[in-house]
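See below for my_file-v1.json, which holds JSON, C-alpha atoms.
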```json
[["chain", "number", "residue", "atom", "x", "y", "z"],
["W", 1, "MET", "CA", 0.00, 0.00, 0.00],
["W", 2, "ASP", "CA", 1.49, 3.35, -1.03],
["W", 3, "ARG", "CA", 1.44, 6.46, 1.15],
["W", 4, "ARG", "CA", -1.60, 8.02, -0.53],
["W", 5, "LYS", "CA", -3.66, 4.84, -0.12],
["W", 6, "SER", "CA", -2.53, 4.60, 3.50],
["W", 7, "LEU", "CA", -3.77, 8.13, 4.12],
["W", 8, "LYS", "CA", -7.09, 7.32, 2.45],
["W", 9, "SER", "CA", -7.51, 4.36, 4.79],
["W", 10, "ILE", "CA", -7.16, 6.74, 7.72],
["W", 11, "VAL", "CA", -10.08, 8.76, 6.39],
["W", 12, "LEU", "CA", -12.24, 5.72, 5.81],
["W", 13, "GLY", "CA", -11.52, 4.63, 9.36],
["W", 14, "SER", "CA", -11.51, 6.90, 12.38],
["W", 15, "VAL", "CA", -9.95, 10.22, 11.40],
["W", 16, "ALA", "CA", -11.05, 12.67, 14.01],
["W", 17, "GLY", "CA", -9.87, 10.92, 17.14],
["W", 18, "GLY", "CA", -6.93, 13.23, 17.79],
["W", 19, "LEU", "CA", -8.74, 16.55, 17.83],
["W", 20, "ALA", "CA", -9.24, 17.11, 21.53],
["W", 21, "ILE", "CA", -5.66, 17.48, 22.72],
["W", 22, "HIS", "CA", -4.10, 20.11, 24.91],
["W", 23, "GLY", "CA", -0.68, 21.65, 24.83],
["W", 24, "CYS", "CA", 1.02, 24.91, 25.69],
["W", 25, "ARG", "CA", -1.03, 28.06, 26.16],
["W", 26, "PRO", "CA", 0.52, 30.84, 24.07],
["W", 27, "GLU", "CA", -0.90, 34.33, 24.32],
["W", 28, "PRO", "CA", -3.47, 34.99, 21.58],
["W", 29, "THR", "CA", -2.63, 37.40, 18.81],
["W", 30, "VAL", "CA", -4.90, 39.72, 16.85],
["W", 31, "PRO", "CA", -6.36, 37.94, 13.80],
["W", 32, "GLU", "CA", -5.22, 39.37, 10.48],
["W", 33, "VAL", "CA", -7.54, 37.54, 8.11],
["W", 34, "GLY", "CA", -10.88, 39.15, 7.26],
["W", 35, "ALA", "CA", -14.25, 37.54, 7.93],
["W", 36, "GLN", "CA", -16.10, 35.78, 5.13],
["W", 37, "GLU", "CA", -19.76, 36.08, 4.22],
["W", 38, "VAL", "CA", -21.73, 32.86, 4.61],
["W", 39, "PRO", "CA", -24.54, 32.21, 2.10],
["W", 40, "MET", "CA", -27.93, 31.46, 3.61],
["W", 41, "LEU", "CA", -28.67, 28.02, 2.21],
["W", 42, "LYS", "CA", -32.28, 26.87, 2.03],
["W", 43, "TRP", "CA", -31.52, 23.27, 3.00],
["W", 44, "ARG", "CA", -30.19, 24.47, 6.35],
["W", 45, "THR", "CA", -32.50, 25.53, 9.12],
["W", 46, "PRO", "CA", -32.55, 29.23, 10.05],
["W", 47, "LYS", "CA", -30.74, 28.30, 13.28],
["W", 48, "GLU", "CA", -28.00, 26.48, 11.37],
["W", 49, "ASN", "CA", -27.52, 29.44, 9.04],
["W", 50, "GLU", "CA", -27.37, 31.75, 12.05],
["W", 51, "GLN", "CA", -24.75, 29.61, 13.79],
["W", 52, "LEU", "CA", -22.59, 29.44, 10.65],
["W", 53, "ALA", "CA", -22.80, 33.20, 10.23],
["W", 54, "GLU", "CA", -21.63, 33.64, 13.83],
["W", 55, "LEU", "CA", -18.68, 31.29, 13.24],
["W", 56, "GLU", "CA", -17.60, 33.23, 10.17],
["W", 57, "ALA", "CA", -18.07, 36.66, 11.76],
["W", 58, "GLU", "CA", -14.51, 36.53, 13.11],
["W", 59, "ARG", "CA", -11.30, 34.85, 12.02],
["W", 60, "PHE", "CA", -9.09, 32.87, 14.36],
["W", 61, "LEU", "CA", -6.00, 32.16, 12.27],
["W", 62, "THR", "CA", -3.71, 35.06, 11.48],
["W", 63, "ALA", "CA", -2.41, 35.43, 7.93],
["W", 64, "HIS", "CA", 0.96, 34.04, 9.02],
["W", 65, "GLU", "CA", -0.63, 31.04, 10.73],
["W", 66, "ALA", "CA", -2.79, 30.31, 7.71],
["W", 67, "GLU", "CA", 0.23, 30.48, 5.39],
["W", 68, "THR", "CA", 2.27, 28.21, 7.66],
["W", 69, "LEU", "CA", -0.55, 25.69, 7.93],
["W", 70, "THR", "CA", -0.97, 25.73, 4.16],
["W", 71, "VAL", "CA", 2.69, 24.72, 3.80],
["W", 72, "LEU", "CA", 2.33, 22.09, 6.53],
["W", 73, "CYS", "CA", -0.86, 20.59, 5.09],
["W", 74, "ASP", "CA", 0.72, 20.33, 1.63],
["W", 75, "LEU", "CA", 3.67, 18.49, 3.15],
["W", 76, "ILE", "CA", 1.20, 16.07, 4.74],
["W", 77, "LEU", "CA", -0.86, 15.65, 1.56],
["W", 78, "PRO", "CA", 1.20, 16.86, -1.41],
["W", 79, "GLY", "CA", -0.09, 17.09, -4.94],
["W", 80, "SER", "CA", 1.22, 15.27, -7.99],
["W", 81, "GLU", "CA", 0.32, 14.74, -11.63],
["W", 82, "GLU", "CA", -2.25, 12.20, -10.47],
["W", 83, "TYR", "CA", -3.52, 13.70, -7.22],
["W", 84, "LYS", "CA", -4.55, 17.10, -5.86],
["W", 85, "SER", "CA", -2.89, 18.65, -2.82],
["W", 86, "ALA", "CA", -4.38, 19.76, 0.47],
["W", 87, "SER", "CA", -4.26, 23.39, -0.62],
["W", 88, "ASP", "CA", -6.15, 22.55, -3.81],
["W", 89, "ALA", "CA", -9.06, 21.68, -1.52],
["W", 90, "ASP", "CA", -8.48, 24.78, 0.66],
["W", 91, "VAL", "CA", -7.99, 22.59, 3.72],
["W", 92, "VAL", "CA", -6.86, 25.56, 5.83],
["W", 93, "SER", "CA", -10.34, 27.07, 5.53],
["W", 94, "PHE", "CA", -11.67, 23.84, 7.00],
["W", 95, "ILE", "CA", -9.14, 24.07, 9.84],
["W", 96, "GLU", "CA", -10.21, 27.69, 10.40],
["W", 97, "PHE", "CA", -13.83, 26.54, 10.67],
["W", 98, "MET", "CA", -12.95, 23.70, 13.04],
["W", 99, "SER", "CA", -10.92, 26.03, 15.25],
["W", 100, "LYS", "CA", -14.09, 28.02, 15.94],
["W", 101, "ASP", "CA", -16.51, 25.12, 15.97],
["W", 102, "THR", "CA", -14.22, 23.30, 18.43],
["W", 103, "PRO", "CA", -12.49, 26.11, 20.40],
["W", 104, "GLY", "CA", -10.56, 23.59, 22.49],
["W", 105, "ILE", "CA", -8.09, 23.08, 19.64],
["W", 106, "GLN", "CA", -7.25, 26.77, 19.22],
["W", 107, "THR", "CA", -4.34, 26.99, 21.61],
["W", 108, "ASP", "CA", -2.88, 23.77, 20.24],
["W", 109, "LEU", "CA", -3.02, 25.08, 16.68],
["W", 110, "ARG", "CA", -1.49, 28.42, 17.57],
["W", 111, "GLY", "CA", 1.09, 26.86, 19.86],
["W", 112, "GLY", "CA", 2.01, 24.30, 17.21],
["W", 113, "VAL", "CA", 2.70, 26.96, 14.59],
["W", 114, "MET", "CA", 4.81, 28.83, 17.13],
["W", 115, "TRP", "CA", 6.74, 25.62, 17.85],
["W", 116, "LEU", "CA", 7.43, 25.05, 14.14],
["W", 117, "ASP", "CA", 8.74, 28.60, 13.73],
["W", 118, "HIS", "CA", 10.83, 28.36, 16.90],
["W", 119, "ARG", "CA", 12.38, 25.05, 15.83],
["W", 120, "SER", "CA", 13.02, 26.30, 12.30],
["W", 121, "ASN", "CA", 14.59, 29.51, 13.55],
["W", 122, "LEU", "CA", 16.85, 27.59, 15.91],
["W", 123, "ASP", "CA", 17.93, 25.08, 13.27],
["W", 124, "HIS", "CA", 17.94, 27.18, 10.11],
["W", 125, "GLY", "CA", 17.50, 30.85, 11.03],
["W", 126, "VAL", "CA", 14.17, 31.26, 9.17],
["W", 127, "GLU", "CA", 10.48, 30.74, 9.86],
["W", 128, "PHE", "CA", 9.11, 27.31, 9.01],
["W", 129, "LYS", "CA", 7.25, 28.44, 5.89],
["W", 130, "ALA", "CA", 10.43, 30.06, 4.52],
["W", 131, "ALA", "CA", 12.67, 27.01, 5.03],
["W", 132, "THR", "CA", 13.47, 24.68, 2.16],
["W", 133, "GLU", "CA", 11.26, 21.64, 1.76],
["W", 134, "ASP", "CA", 14.06, 19.29, 2.83],
["W", 135, "ARG", "CA", 14.54, 21.25, 6.05],
["W", 136, "GLN", "CA", 10.79, 21.41, 6.68],
["W", 137, "LYS", "CA", 10.56, 17.64, 6.29],
["W", 138, "ALA", "CA", 13.54, 17.13, 8.59],
["W", 139, "ILE", "CA", 11.69, 19.04, 11.31],
["W", 140, "LEU", "CA", 8.50, 17.09, 10.74],
["W", 141, "ASP", "CA", 10.36, 13.78, 10.90],
["W", 142, "THR", "CA", 11.03, 14.50, 14.57],
["W", 143, "ILE", "CA", 7.32, 14.85, 15.41],
["W", 144, "ALA", "CA", 5.46, 12.77, 12.81],
["W", 145, "TYR", "CA", 5.64, 9.49, 14.70],
["W", 146, "TYR", "CA", 4.45, 8.61, 18.17],
["W", 147, "ASP", "CA", 4.52, 5.63, 20.48],
["W", 148, "PRO", "CA", 0.98, 4.13, 20.38],
["W", 149, "GLU", "CA", 1.62, 2.62, 23.80],
["W", 150, "LEU", "CA", 2.07, 6.08, 25.30],
["W", 151, "PRO", "CA", -1.16, 7.88, 26.31],
["W", 152, "GLY", "CA", -1.84, 11.06, 24.36],
["W", 153, "ASN", "CA", -1.53, 13.29, 27.41],
["W", 154, "GLU", "CA", 1.98, 11.95, 28.01],
["W", 155, "ARG", "CA", 3.28, 12.61, 24.50],
["W", 156, "PRO", "CA", 5.22, 15.78, 23.65],
["W", 157, "PHE", "CA", 2.97, 18.69, 22.71],
["W", 158, "GLU", "CA", 4.47, 19.03, 19.24],
["W", 159, "VAL", "CA", 3.81, 15.36, 18.48],
["W", 160, "ASN", "CA", 0.14, 15.74, 19.38],
["W", 161, "PHE", "CA", -0.01, 18.95, 17.35],
["W", 162, "PHE", "CA", 1.23, 17.23, 14.21],
["W", 163, "SER", "CA", -1.15, 14.32, 14.73],
["W", 164, "MET", "CA", -4.06, 16.75, 15.09],
["W", 165, "VAL", "CA", -3.18, 18.70, 11.95],
["W", 166, "ARG", "CA", -2.69, 15.47, 10.00],
["W", 167, "ASN", "CA", -6.18, 14.34, 11.04],
["W", 168, "LEU", "CA", -7.67, 17.73, 10.17],
["W", 169, "THR", "CA", -5.91, 17.72, 6.80],
["W", 170, "MET", "CA", -7.23, 14.31, 5.86],
["W", 171, "THR", "CA", -10.73, 15.08, 7.09],
["W", 172, "GLY", "CA", -10.81, 18.44, 5.32],
["W", 173, "PHE", "CA", -9.49, 17.06, 2.04],
["W", 174, "TYR", "CA", -11.58, 13.92, 1.80],
["W", 175, "THR", "CA", -14.81, 15.69, 2.69],
["W", 176, "SER", "CA", -14.21, 18.28, -0.04],
["W", 177, "LYS", "CA", -15.53, 17.91, -3.59],
["W", 178, "ILE", "CA", -12.17, 16.98, -5.08],
["W", 179, "GLY", "CA", -11.40, 14.62, -2.20],
["W", 180, "ILE", "CA", -14.70, 12.78, -2.61],
["W", 181, "GLU", "CA", -14.03, 12.53, -6.34],
["W", 182, "GLU", "CA", -10.60, 11.04, -5.61],
["W", 183, "LEU", "CA", -12.19, 8.41, -3.38],
["W", 184, "GLY", "CA", -14.64, 7.61, -6.14],
["W", 185, "TYR", "CA", -17.55, 7.89, -3.73],
["W", 186, "LYS", "CA", -20.82, 8.52, -5.56],
["W", 187, "GLY", "CA", -23.27, 8.36, -2.67],
["W", 188, "ASN", "CA", -26.62, 6.61, -2.85],
["W", 189, "MET", "CA", -27.44, 5.69, -6.43],
["W", 190, "PRO", "CA", -30.97, 4.88, -7.62],
["W", 191, "ASN", "CA", -31.56, 1.36, -8.85],
["W", 192, "VAL", "CA", -34.23, 0.10, -11.19],
["W", 193, "TRP", "CA", -37.58, -0.60, -9.49],
["W", 194, "ASP", "CA", -40.30, -2.07, -11.59],
["W", 195, "GLY", "CA", -42.76, -2.80, -8.85],
["W", 196, "VAL", "CA", -43.30, -5.60, -6.37],
["W", 197, "PRO", "CA", -41.93, -8.91, -7.75],
["W", 198, "ASP", "CA", -44.48, -11.12, -9.49],
["W", 199, "ASP", "CA", -44.00, -14.02, -7.09],
["W", 200, "VAL", "CA", -44.82, -11.78, -4.14],
["W", 201, "LEU", "CA", -47.90, -10.41, -5.87],
["W", 202, "GLU", "CA", -49.01, -13.94, -6.71],
["W", 203, "GLN", "CA", -48.45, -15.04, -3.11],
["W", 204, "HIS", "CA", -50.87, -12.40, -1.92],
["W", 205, "GLY", "CA", -53.32, -12.84, -4.76],
["W", 206, "VAL", "CA", -52.99, -9.31, -6.11],
["W", 207, "SER", "CA", -51.75, -7.72, -9.31],
["W", 208, "TYR", "CA", -51.02, -4.33, -10.78],
["W", 209, "ASP", "CA", -53.39, -2.47, -13.03],
["W", 210, "PRO", "CA", -51.41, -2.18, -16.29],
["W", 211, "GLU", "CA", -52.43, 1.46, -16.78],
["W", 212, "TRP", "CA", -51.37, 2.38, -13.24],
["W", 213, "LEU", "CA", -48.10, 0.48, -13.57],
["W", 214, "ALA", "CA", -47.22, 2.27, -16.82],
["W", 215, "LYS", "CA", -47.90, 5.62, -15.20],
["W", 216, "CYS", "CA", -46.11, 5.09, -11.87],
["W", 217, "VAL", "CA", -43.17, 2.91, -12.84],
["W", 218, "ASP", "CA", -41.87, 4.58, -15.99],
["W", 219, "GLN", "CA", -38.24, 3.57, -16.53],
["W", 220, "GLY", "CA", -38.01, 6.14, -19.31],
["W", 221, "LYS", "CA", -37.91, 8.84, -16.62],
["W", 222, "ARG", "CA", -35.44, 7.24, -14.22],
["W", 223, "ASN", "CA", -32.51, 9.44, -15.32],
["W", 224, "ILE", "CA", -34.41, 12.70, -15.08],
["W", 225, "VAL", "CA", -32.98, 14.85, -12.28],
["W", 226, "ALA", "CA", -35.63, 16.38, -10.04],
["W", 227, "GLU", "CA", -35.78, 20.18, -9.91],
["W", 228, "TRP", "CA", -37.23, 22.50, -7.29],
["W", 229, "ASP", "CA", -38.25, 26.11, -7.47],
["W", 230, "GLU", "CA", -36.86, 28.79, -5.15],
["W", 231, "ASN", "CA", -39.59, 28.00, -2.60],
["W", 232, "GLY", "CA", -38.63, 24.34, -2.42],
["W", 233, "ASN", "CA", -41.57, 23.07, -4.50],
["W", 234, "LEU", "CA", -40.93, 20.11, -6.82],
["W", 235, "ILE", "CA", -41.01, 21.15, -10.48],
["W", 236, "THR", "CA", -40.13, 17.86, -12.17]]
```
Any chance you could put this one into structure tokens?
Amino acid sequence: MDRRKSLKSIVLGSVAGGLAIHGCRPEPTVPEVGAQEVPMLKWRTPKENEQLAELEAERFLTAHEAETLTVLCDLILPGSEEYKSASDADVVSFIEFMSKDTPGIQTDLRGGVMWLDHRSNLDHGVEFKAATEDRQKAILDTIAYYDPELPGNERPFEVNFFSMVRNLTMTGFYTSKIGIEELGYKGNMPNVWDGVPDDVLEQHGVSYDPEWLAKCVDQGKRNIVAEWDENGNLIT
């Protein structure tokens, strides 16, 4: 199994288990990224639309943090001629959303970015996002693996941070449109239904009226996509 398939198997299993971790408590900084407008979608309840608007009213990640996480996420899930990268799916926007939907991960995200910059400055004299890819990977090699026998609260903060971002990256990518397309997941697909089987009808001594059957079970219309008007009423 190659690395990409291994990462996919993480998604299809339990991806989000490492979200609720705690690390250092750095002082918060003033967000630098502007808020985004959230469309009011009719398939959400008014309360859901209201909650989403509240989440998007402020930004948690600073511009520098977002840029650093973009680099980190692309190192976790890089693109190639065959596959898209994490940034192609705008995974950092998903992490931004999760940081507000699950505030308990905020200090770990911010502290983790600070740790990456501190380590990169010590080793190479530049921030993490400005280091060469080889040097970035060398730093990540020190935190990308953990002892499964060691409880999460006993692992180094930076190890838990990387595990959390890896989980968020995979979740964000494979729940995006391009990630779902990569998985080949098509959702529930309609099959052909031509009524109750004849043997069951015969067992109960009933049968279809041919005219009714032709009207209600018309296979000529099975590929027609239903359409609704702006008020949610079925058109076709």
TODO: One decimal, Å: what's the distance from CA of Leu168 in chain W over to CA of Leu69 in chain W, could you say?
DONE: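 Atom-to-atom, CA of Leu168 in chain W and CA of Leu69 in chain W are spaced 10.9 Å apart.
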Task: Of the listed residues W:Gly111, W:Gly232, W:Pro46, W:Gly79, that which approaches Glu158 in chain W most closely, counting only C-alpha atoms - done: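 Looking only at the distances to Glu158 in chain W, the closest residue turns out to be W:Gly111.
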- [ ] One decimal, Å: what's the distance from CA of Gly104 in chain W over to CA of Phe161 in chain W, could you say?
- [x]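 About the pair CA of Gly104 in chain W and CA of Phe161 in chain W: they are 12.6 Å apart.
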- [ ] List every protein, DNA or RNA residue that has at least one atom no more than 10 Å from (-11.0, 23.3, 11.1) in the file's coordinates, counting all atoms listed in the file, and write the result as a PyMOL selection string.
- [x] chain W and resi 19+91-103+105-106+109+165+168-169+171-172
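Atom pair CA of Glu67 in chain W / CA of Phe128 in chain W: separated by 10.1 Å.
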Task: Residue list as a PyMOL selection string for point (2.7, 23.7, 4.1), cut-off 12 Å, only C-alpha atoms - done: chain W and resi 64-79+85-88+90-92+113+116+127-133+136-137+140+165-166+169
Open item on the list: Measuring between only C-alpha atoms, which one of W:Met164, W:Tyr83, W:Glu48, W:Phe60 shows the shortest distance to Glu181 in chain W?
Closed with: W:Tyr83
TODO: Might you pull out every residue within 9 Å of Tyr145 in chain W, with only C-alpha atoms counted and same-chain residues fewer than 2 positions away left off, and present them as a PyMOL selection string?
DONE: chain W and resi 141-143+147+159+162-163
Export, as a PDB file, in the frame of the given file, the selected residues with C-alpha atoms.
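Final output, saved to again32.pdb:
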```
ATOM      1  CA  ASP W 141      10.360  13.780  10.900  1.00  0.00           C
ATOM      2  CA  THR W 142      11.030  14.500  14.570  1.00  0.00           C
ATOM      3  CA  ILE W 143       7.320  14.850  15.410  1.00  0.00           C
ATOM      4  CA  ASP W 147       4.520   5.630  20.480  1.00  0.00           C
ATOM      5  CA  VAL W 159       3.810  15.360  18.480  1.00  0.00           C
ATOM      6  CA  PHE W 162       1.230  17.230  14.210  1.00  0.00           C
ATOM      7  CA  SER W 163      -1.150  14.320  14.730  1.00  0.00           C
TER       8      SER W 163
END
```
Can you give me N, CA and C atoms for range 129-155 of chain W, written as an mmCIF file, in the coordinates of the input?
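Final output, result.cif:
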```
data_model
loop_
_atom_site.group_PDB
_atom_site.id
_atom_site.type_symbol
_atom_site.label_atom_id
_atom_site.label_comp_id
_atom_site.auth_asym_id
_atom_site.auth_seq_id
_atom_site.Cartn_x
_atom_site.Cartn_y
_atom_site.Cartn_z
ATOM 1 N N LYS W 129 7.776 28.343 7.254
ATOM 2 C CA LYS W 129 7.250 28.440 5.890
ATOM 3 C C LYS W 129 8.308 28.907 4.896
ATOM 4 N N ALA W 130 9.381 29.551 5.396
ATOM 5 C CA ALA W 130 10.430 30.060 4.520
ATOM 6 C C ALA W 130 11.594 29.077 4.360
ATOM 7 N N ALA W 131 11.592 28.000 5.125
ATOM 8 C CA ALA W 131 12.670 27.010 5.030
ATOM 9 C C ALA W 131 12.506 26.192 3.749
ATOM 10 N N THR W 132 13.569 25.550 3.332
ATOM 11 C CA THR W 132 13.470 24.680 2.160
ATOM 12 C C THR W 132 12.635 23.460 2.520
ATOM 13 N N GLU W 133 12.113 22.801 1.513
ATOM 14 C CA GLU W 133 11.260 21.640 1.760
ATOM 15 C C GLU W 133 12.014 20.540 2.499
ATOM 16 N N ASP W 134 13.260 20.319 2.148
ATOM 17 C CA ASP W 134 14.060 19.290 2.830
ATOM 18 C C ASP W 134 14.181 19.600 4.317
ATOM 19 N N ARG W 135 14.400 20.874 4.647
ATOM 20 C CA ARG W 135 14.540 21.250 6.050
ATOM 21 C C ARG W 135 13.192 21.179 6.776
ATOM 22 N N GLN W 136 12.130 21.541 6.087
ATOM 23 C CA GLN W 136 10.790 21.410 6.680
ATOM 24 C C GLN W 136 10.504 19.943 7.011
ATOM 25 N N LYS W 137 10.812 19.066 6.074
ATOM 26 C CA LYS W 137 10.560 17.640 6.290
ATOM 27 C C LYS W 137 11.433 17.083 7.419
ATOM 28 N N ALA W 138 12.650 17.592 7.528
ATOM 29 C CA ALA W 138 13.540 17.130 8.590
ATOM 30 C C ALA W 138 12.958 17.475 9.963
ATOM 31 N N ILE W 139 12.344 18.654 10.061
ATOM 32 C CA ILE W 139 11.690 19.040 11.310
ATOM 33 C C ILE W 139 10.494 18.138 11.584
ATOM 34 N N LEU W 140 9.703 17.904 10.561
ATOM 35 C CA LEU W 140 8.500 17.090 10.740
ATOM 36 C C LEU W 140 8.832 15.639 11.072
ATOM 37 N N ASP W 141 9.961 15.156 10.586
ATOM 38 C CA ASP W 141 10.360 13.780 10.900
ATOM 39 C C ASP W 141 10.541 13.562 12.393
ATOM 40 N N THR W 142 10.807 14.638 13.118
ATOM 41 C CA THR W 142 11.030 14.500 14.570
ATOM 42 C C THR W 142 9.713 14.454 15.350
ATOM 43 N N ILE W 143 8.594 14.791 14.692
ATOM 44 C CA ILE W 143 7.320 14.850 15.410
ATOM 45 C C ILE W 143 6.200 14.041 14.732
ATOM 46 N N ALA W 144 6.496 13.435 13.591
ATOM 47 C CA ALA W 144 5.460 12.770 12.810
ATOM 48 C C ALA W 144 5.093 11.379 13.317
ATOM 49 N N TYR W 145 5.868 10.850 14.221
ATOM 50 C CA TYR W 145 5.640 9.490 14.700
ATOM 51 C C TYR W 145 5.512 9.500 16.223
ATOM 52 N N TYR W 146 4.617 8.677 16.723
ATOM 53 C CA TYR W 146 4.450 8.610 18.170
ATOM 54 C C TYR W 146 4.336 7.163 18.622
ATOM 55 N N ASP W 147 4.608 6.960 19.888
ATOM 56 C CA ASP W 147 4.520 5.630 20.480
ATOM 57 C C ASP W 147 3.054 5.352 20.807
ATOM 58 N N PRO W 148 2.402 4.406 20.122
ATOM 59 C CA PRO W 148 0.980 4.130 20.380
ATOM 60 C C PRO W 148 0.724 3.600 21.787
ATOM 61 N N GLU W 149 1.779 3.124 22.437
ATOM 62 C CA GLU W 149 1.620 2.620 23.800
ATOM 63 C C GLU W 149 1.592 3.762 24.820
ATOM 64 N N LEU W 150 2.000 4.943 24.385
ATOM 65 C CA LEU W 150 2.070 6.080 25.300
ATOM 66 C C LEU W 150 0.766 6.869 25.206
ATOM 67 N N PRO W 151 0.084 7.095 26.336
ATOM 68 C CA PRO W 151 -1.160 7.880 26.310
ATOM 69 C C PRO W 151 -0.929 9.257 25.707
ATOM 70 N N GLY W 152 -1.965 9.775 25.034
ATOM 71 C CA GLY W 152 -1.840 11.060 24.360
ATOM 72 C C GLY W 152 -1.403 12.181 25.260
ATOM 73 N N ASN W 153 -1.879 12.191 26.505
ATOM 74 C CA ASN W 153 -1.530 13.290 27.410
ATOM 75 C C ASN W 153 -0.105 13.180 27.945
ATOM 76 N N GLU W 154 0.586 12.101 27.593
ATOM 77 C CA GLU W 154 1.980 11.950 28.010
ATOM 78 C C GLU W 154 2.945 12.169 26.851
ATOM 79 N N ARG W 155 2.424 12.366 25.658
ATOM 80 C CA ARG W 155 3.280 12.610 24.500
ATOM 81 C C ARG W 155 3.690 14.077 24.458
#
```
